[in-house]
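Participant: For reference, the structure I am asking about is given below.
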Amino acid sequence: MRKPAVIVLIVLSVFVLAVYLPMLYEKLFLTPIEKTHLLFSPVTQRFIYKEKIVGPIPPEAALKAEDHHARIAYRDADGTWYNRVEFEKHLPFIYYKNMELWGLLPLNLEGRKFDIQAIKNHRQVLELSPGEINNCHPETSLWPLLESNPGQARLVFPEDRFRMTASGMEFINADTNTVDMDLTERFTRALIDKGFVFPARSVNGKFTILKPFDEGVFLVDAKYEVFHVKRRDGHPEVTQTAIDSALKTRHIKISENQQRRYYGLLLAKDSGLHLLTYDNYRLVKLPLESYDPDRMDFKLLINPLYLTAVWSDETIIRAVTMDTDYRPLERYTHRMSRAIITPAKRIYDMIFPFSVHLNATGGGYLKLSIRPGGWISVVGLLVSLSGYVIACRLRHKRFPRVTGLCLIAAFGLYGLIAVSFIGSEC
Amino acid sequence: MRLSVTREGIDMFRSILFKEYLKIRLPWLTLLILNGGLMAYVAIATRHLFVMDHAEMVWYQVLHLGRIHYSHLKYAPVVTGLLLSCIQYLPEMTSERLRLTLHLPVSPNRLIIAHIMVGLTAFGLILFVDLTALTLITSWYFPFEAVTTALWTALPWAMAGAAAYLGATLGLLEPNYRLKLFNLAIAAGVVGLYLYPLSPGAYRLLGFKLTVPVLLLIPAVLLPAYRFRYRRVS
């Protein structure tokens with residue numbers, strides 16, 4: 001029984017070390033760098049970005065750092081450097097409040113005039129991150145259905161929440177923690193009358209009262225038909241949308257906006273991302289390339305002249321700018337400064353043959369992943385092996401046991417630490 | 001002859017269980033009462049939420065914003081596990097009484113496993129009370145979906161407690177101080193895996209994988225017991 005106990009303790013030690021040592025190294029030597037802010041300038045009609053400089057600061061950045069830290073780069077797709085004020089002036093639809101302070105409003109762009117109200121009326125930002133997608137984050141499957149016609153300025157939470165069961169839309173009263181039979185019956189009946197097939201696949205809405213008005217929820221039924229459900233004056237208002245069930249809607253990110261042009265974003269099963277418009281639920285497919293919703297953050301910036309979609313994984317950021325008819329005008333791909341291999345990252349890759357990560361990205365579920373080290377980790381393995389052999393020769397005047405060598409050859413630094421402590425039992 | 005050996009073995013095993021029962025029953029009862037008191041506090045704190053705010057707002061905070069109304073419970077299993085291990089093994093180790101036990105005519109592995117099973121059962125009973133109380137409190141104020149989320153949030157904490165019990169045992173039984181510290185560090189690492197600050201229910205997808213590090217700690221404890229039995233100090 002001693003041998004299995006030793007093996008188990010070594011396995012456990014390697015696992016724990018592979019979780020904590022890389023984590024400790026990251027905290028000590030690796031600075032987390034924010035993703036690049038990539039935008040489209042309607043002034044120069046070029047992509048422009050802001051990012052942290054990794055490594056030595058170029059002289060151009062130092063020259064431009066008049067009122068900001070020199071480690072922040074403001075550049076465009078052509079490589080031109082800007083200072084902060086120039087950068088903001090190139091993005092007047094975003095920094096419109098500063099434009100007003102600097103007396104630069106109304107703007108004259110592309111033969112059109114934009115005052116502050118015009119800018120405000122056309123601005124909208126829609127975002128989708130991997131952790132938000134249905135079934136990718138921990139969620140208690142109870143949702144509030146707000147009153148869409150509250151008869152007052154602010155929205156209020158109803159006294160109930162609903163759940164989708166195999167055969168109905170069930171409302172539970174929060175005061176009594178019991179099912180409200182009347183509401184349940186009325187909403188279930190309304191859904192069935194419109195052709196809803198239970199059970200529901202997903203419930204999509206923006207469940208907050210901090211929004212200008214309420215658009216209710218979008219329910220995807222068992223046949224992937226999408227239904228728009230609202231509570232209006234306490235009564236159900238159900239619309240079966242014309243959204244194609246062949247899309248197999250995976251997620252709808254709703255974002256109520258006073259413009260009432262887009263309900264939000266709709267993610268199809270094939271990872272196609274669509275704008276869900278107020279025009280009888282018409283979908284507009286966004287011309288995204290290499291977009292993976294399970295790995296990438298997505299943002300759509302809408303202004304009076306352009307729509308700019310920006311999506312990024314951990315290293316690459318991509319963007320496409322469209323005109324107001326959704327025709328792609330410009331595309332840009334940029335390797336973010338956070339992807340630069342610094343000496344600290346190189347040492348990390350060298351000393352850790354692999355690392356175990358427990359991450360809950362973007363508020364999602366905790367996931368366990370093992371990241372193998374690159375070929376450079378072979379150097380670390382060899383150094384660990386040599387160190388072990390030398391230490392054994394010096395300390396015990398003998399060549400180390402094969403078991404210890406095998407463990408170090410397999411697990412590198414983790415094996416070395418485990419063998420150093422438990423080695424006598426091997 | 002074999003029958004007689006087996007019967008003697010079973011008798012010996014029963015005697016060990018009885019010895020452990022006599023040793024830990026009062027401190028265990030104290031731990032149970034303390035845990036019960038903590039759960040009573042959780043019940044009072046939860047009720048207070050509903051006194052201070054409308055039910056629908058409390059539901060919003062708990063069900064959507066991820067407020068954990070039983071957050072006081074988070075470290076209780078770890079403390080319980082640590083104390084239980086100390087109660088069970090400190091007296092045995094300080095006066096080396098465990099050495100006598102390990103020289104009884106029963107396999108040392110079985111003896112240690114018997115000791116661990118007693119400890120884990122005692123710990124499990126306390127945690128069963130805690131989780132039952134949590135279920136009752138949550139289901140009184142919230143729908144069953146909230147109970148499921150609460151249990152998926154508290155289960156990793158319970159696993160942390162079991163890891164703390166086994167980890168402390170791993171450290172206490174080891175006779176060599178260098179290895180004792182190493183074992184304690186590894187055990188602390190395992191405990192830490194279950195206490196990540198996450199949204200309620202975030203451990204859910206890990207499922208069975210969640211139990212693996214704790215299950216591995218059980219056979220690992222046999223190594224220090226073996227080393228203690230054969231006086232492997234250096």
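Residue names in the structure tokens use chain letters A, B, ... in the order shown, residue numbers from 1 in each chain, and ligand numbers from 1 in the order shown.
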Do you know which residues are at most 9 Å from Ile87 of chain B counting only C-alpha atoms, after dropping those on the same chain fewer than 3 positions away, and could you put them as a ChimeraX atom specification?
Facilitator: /B:23-24,27-28,82-84,90-91
Participant: I want to know what sits within 12 Å of Trp140 of chain B, based on only C-alpha atoms, with residues of the same chain fewer than 6 positions away left out; could you give that as JSON, numbers by chain?
Facilitator: {"A": [174, 175, 176, 177, 178], "B": [43, 46, 47, 50, 133, 134, 146, 147]}
Participant: Considering only C-alpha atoms, extract the chain B residues located within 9 Å of chain A and return them as JSON, numbers by chain.
Facilitator: {"B": [54, 55, 56, 57, 58, 59, 60, 63, 64, 66, 109, 139, 140, 141, 142, 143, 145, 146, 148, 149, 178, 179, 182, 183, 186, 187, 189, 190, 193, 198, 199, 200, 201, 202, 203, 204, 205, 206, 213, 216, 217, 218, 219, 220, 221, 222, 223, 226]}
Participant: Among segment 263-338 of chain A, which residues carry a DSSP assignment of strand (DSSP E or B), reported as a ChimeraX atom specification?
Facilitator: /A:263-267,273-277,283-285,297-302,307-312,316-322,328-335
Participant: Calculate how many Å separate atom CA of Leu172 of chain B from atom CA of Leu31 of chain B, rounding to one decimal.
Facilitator: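 So the two atoms, atom CA of Leu172 of chain B and atom CA of Leu31 of chain B, lie 20.0 Å apart.
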Participant: Just want the 10 Å neighbourhood of Ala246 of chain A, counted on only C-alpha atoms, with same-chain residues fewer than 4 positions away dropped. Output as a PyMOL selection string.
Facilitator: chain A and resi 223-225+268-269
Participant: Run DSSP on the backbone and grab whatever in segment 39-249 of chain A lands in alpha helix (DSSP H); send it over as a PyMOL selection string.
Facilitator: chain A and resi 59-64+84-89+96-101+116-122+181-193
Participant: Could you write out the selected residues, including N, CA, C and O atoms, as a compact mmCIF listing (two decimals), in the first residue's frame?
Facilitator:
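Output file out_15.txt follows:
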```txt
# COMPACT_ATOMS: atom_id res chain seq x y z
N PRO A 59 10.39 56.47 -29.02
CA PRO A 59 10.51 57.94 -28.85
C PRO A 59 9.25 58.68 -29.30
O PRO A 59 8.89 59.70 -28.71
N GLU A 60 8.55 58.13 -30.33
CA GLU A 60 7.33 58.80 -30.82
C GLU A 60 6.27 58.85 -29.72
O GLU A 60 5.57 59.85 -29.56
N ALA A 61 6.20 57.75 -28.94
CA ALA A 61 5.21 57.69 -27.86
C ALA A 61 5.58 58.69 -26.77
O ALA A 61 4.71 59.39 -26.23
N ALA A 62 6.88 58.78 -26.47
CA ALA A 62 7.34 59.72 -25.43
C ALA A 62 7.03 61.15 -25.86
O ALA A 62 6.63 61.98 -25.04
N LEU A 63 7.23 61.44 -27.17
CA LEU A 63 6.98 62.79 -27.67
C LEU A 63 5.51 63.18 -27.56
O LEU A 63 5.17 64.33 -27.28
N LYS A 64 4.65 62.18 -27.79
CA LYS A 64 3.21 62.46 -27.78
C LYS A 64 2.60 62.44 -26.38
O LYS A 64 1.45 62.82 -26.19
N ARG A 84 -3.40 62.23 -26.61
CA ARG A 84 -4.76 61.89 -26.17
C ARG A 84 -5.82 62.79 -26.80
O ARG A 84 -6.87 62.33 -27.27
N VAL A 85 -5.54 64.10 -26.83
CA VAL A 85 -6.54 65.04 -27.33
C VAL A 85 -6.79 64.81 -28.83
O VAL A 85 -7.94 64.78 -29.29
N GLU A 86 -5.68 64.60 -29.56
CA GLU A 86 -5.83 64.32 -31.01
C GLU A 86 -6.66 63.04 -31.22
O GLU A 86 -7.52 62.99 -32.09
N PHE A 87 -6.36 62.03 -30.38
CA PHE A 87 -7.07 60.75 -30.46
C PHE A 87 -8.57 60.97 -30.27
O PHE A 87 -9.39 60.49 -31.05
N GLU A 88 -8.91 61.74 -29.25
CA GLU A 88 -10.33 61.97 -28.96
C GLU A 88 -11.00 62.80 -30.06
O GLU A 88 -12.16 62.56 -30.40
N LYS A 89 -10.23 63.72 -30.63
CA LYS A 89 -10.80 64.54 -31.72
C LYS A 89 -11.06 63.69 -32.97
O LYS A 89 -11.89 64.06 -33.80
N TYR A 96 -18.00 62.97 -27.56
CA TYR A 96 -18.78 64.14 -27.98
C TYR A 96 -18.92 65.16 -26.85
O TYR A 96 -19.06 66.36 -27.12
N LYS A 97 -18.83 64.71 -25.61
CA LYS A 97 -18.96 65.67 -24.50
C LYS A 97 -17.73 66.58 -24.47
O LYS A 97 -17.83 67.77 -24.20
N ASN A 98 -16.53 65.99 -24.75
CA ASN A 98 -15.32 66.81 -24.83
C ASN A 98 -15.39 67.73 -26.04
O ASN A 98 -14.95 68.88 -25.98
N MET A 99 -15.95 67.21 -27.14
CA MET A 99 -16.08 68.05 -28.35
C MET A 99 -16.90 69.29 -28.01
O MET A 99 -16.58 70.40 -28.44
N GLU A 100 -17.94 69.08 -27.22
CA GLU A 100 -18.79 70.22 -26.85
C GLU A 100 -18.03 71.20 -25.97
O GLU A 100 -18.08 72.42 -26.19
N LEU A 101 -17.26 70.66 -25.00
CA LEU A 101 -16.45 71.52 -24.12
C LEU A 101 -15.42 72.31 -24.91
O LEU A 101 -15.12 73.45 -24.58
N ILE A 116 -25.10 67.90 -30.72
CA ILE A 116 -25.00 66.92 -29.62
C ILE A 116 -26.23 65.99 -29.59
O ILE A 116 -26.11 64.80 -29.32
N GLN A 117 -27.39 66.54 -29.90
CA GLN A 117 -28.61 65.73 -29.86
C GLN A 117 -28.61 64.68 -30.97
O GLN A 117 -28.96 63.52 -30.75
N ALA A 118 -28.14 65.11 -32.15
CA ALA A 118 -28.07 64.16 -33.28
C ALA A 118 -27.13 63.01 -32.96
O ALA A 118 -27.40 61.85 -33.28
N ILE A 119 -26.01 63.37 -32.31
CA ILE A 119 -25.03 62.32 -31.96
C ILE A 119 -25.66 61.38 -30.95
O ILE A 119 -25.63 60.15 -31.10
N LYS A 120 -26.26 61.95 -29.91
CA LYS A 120 -26.87 61.13 -28.84
C LYS A 120 -27.94 60.20 -29.41
O LYS A 120 -28.07 59.05 -29.01
N ASN A 121 -28.71 60.73 -30.34
CA ASN A 121 -29.84 59.96 -30.89
C ASN A 121 -29.39 58.76 -31.71
O ASN A 121 -30.19 57.87 -31.98
N HIS A 122 -28.16 58.79 -32.18
CA HIS A 122 -27.71 57.71 -33.07
C HIS A 122 -26.65 56.80 -32.46
O HIS A 122 -26.18 55.90 -33.13
N MET A 181 -51.35 30.66 -9.91
CA MET A 181 -52.05 29.82 -10.88
C MET A 181 -52.70 30.65 -12.00
O MET A 181 -52.68 30.26 -13.16
N ASP A 182 -53.23 31.81 -11.60
CA ASP A 182 -53.94 32.64 -12.57
C ASP A 182 -53.00 33.14 -13.66
O ASP A 182 -53.24 32.98 -14.86
N LEU A 183 -51.87 33.76 -13.24
CA LEU A 183 -50.90 34.28 -14.21
C LEU A 183 -50.34 33.15 -15.06
O LEU A 183 -50.18 33.28 -16.27
N THR A 184 -50.02 32.05 -14.39
CA THR A 184 -49.45 30.89 -15.08
C THR A 184 -50.39 30.43 -16.19
O THR A 184 -49.97 30.23 -17.34
N GLU A 185 -51.65 30.31 -15.86
CA GLU A 185 -52.66 29.84 -16.81
C GLU A 185 -52.78 30.82 -18.00
O GLU A 185 -52.78 30.40 -19.16
N ARG A 186 -52.81 32.13 -17.69
CA ARG A 186 -53.02 33.12 -18.74
C ARG A 186 -51.84 33.18 -19.72
O ARG A 186 -52.02 33.20 -20.93
N PHE A 187 -50.62 33.18 -19.17
CA PHE A 187 -49.44 33.28 -20.05
C PHE A 187 -49.21 31.98 -20.82
O PHE A 187 -48.88 32.02 -22.00
N THR A 188 -49.42 30.85 -20.16
CA THR A 188 -49.23 29.57 -20.85
C THR A 188 -50.24 29.46 -21.99
O THR A 188 -49.89 29.08 -23.12
N ARG A 189 -51.48 29.82 -21.71
CA ARG A 189 -52.54 29.76 -22.73
C ARG A 189 -52.19 30.67 -23.92
O ARG A 189 -52.29 30.28 -25.08
N ALA A 190 -51.72 31.91 -23.60
CA ALA A 190 -51.38 32.87 -24.66
C ALA A 190 -50.26 32.33 -25.54
O ALA A 190 -50.29 32.48 -26.77
N LEU A 191 -49.29 31.69 -24.93
CA LEU A 191 -48.17 31.12 -25.69
C LEU A 191 -48.65 29.97 -26.58
O LEU A 191 -48.30 29.90 -27.77
N ILE A 192 -49.43 29.08 -26.01
CA ILE A 192 -49.92 27.92 -26.78
C ILE A 192 -50.78 28.40 -27.95
O ILE A 192 -50.66 27.90 -29.07
N ASP A 193 -51.62 29.41 -27.69
CA ASP A 193 -52.47 29.95 -28.76
C ASP A 193 -51.66 30.48 -29.94
O ASP A 193 -52.13 30.47 -31.07
```
Participant: Hey, which of B:Leu131, B:Met12, B:Met159, B:Val118 ends up closest to Arg25 of chain B? Count only C-alpha atoms.
Facilitator: B:Val118
Participant: Enter the distance from atom CA of Arg295 of chain A to atom CA of Asp325 of chain A, in Å, rounded to one decimal.
Facilitator: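 Result for atom CA of Arg295 of chain A versus atom CA of Asp325 of chain A: 28.2 Å, one decimal.
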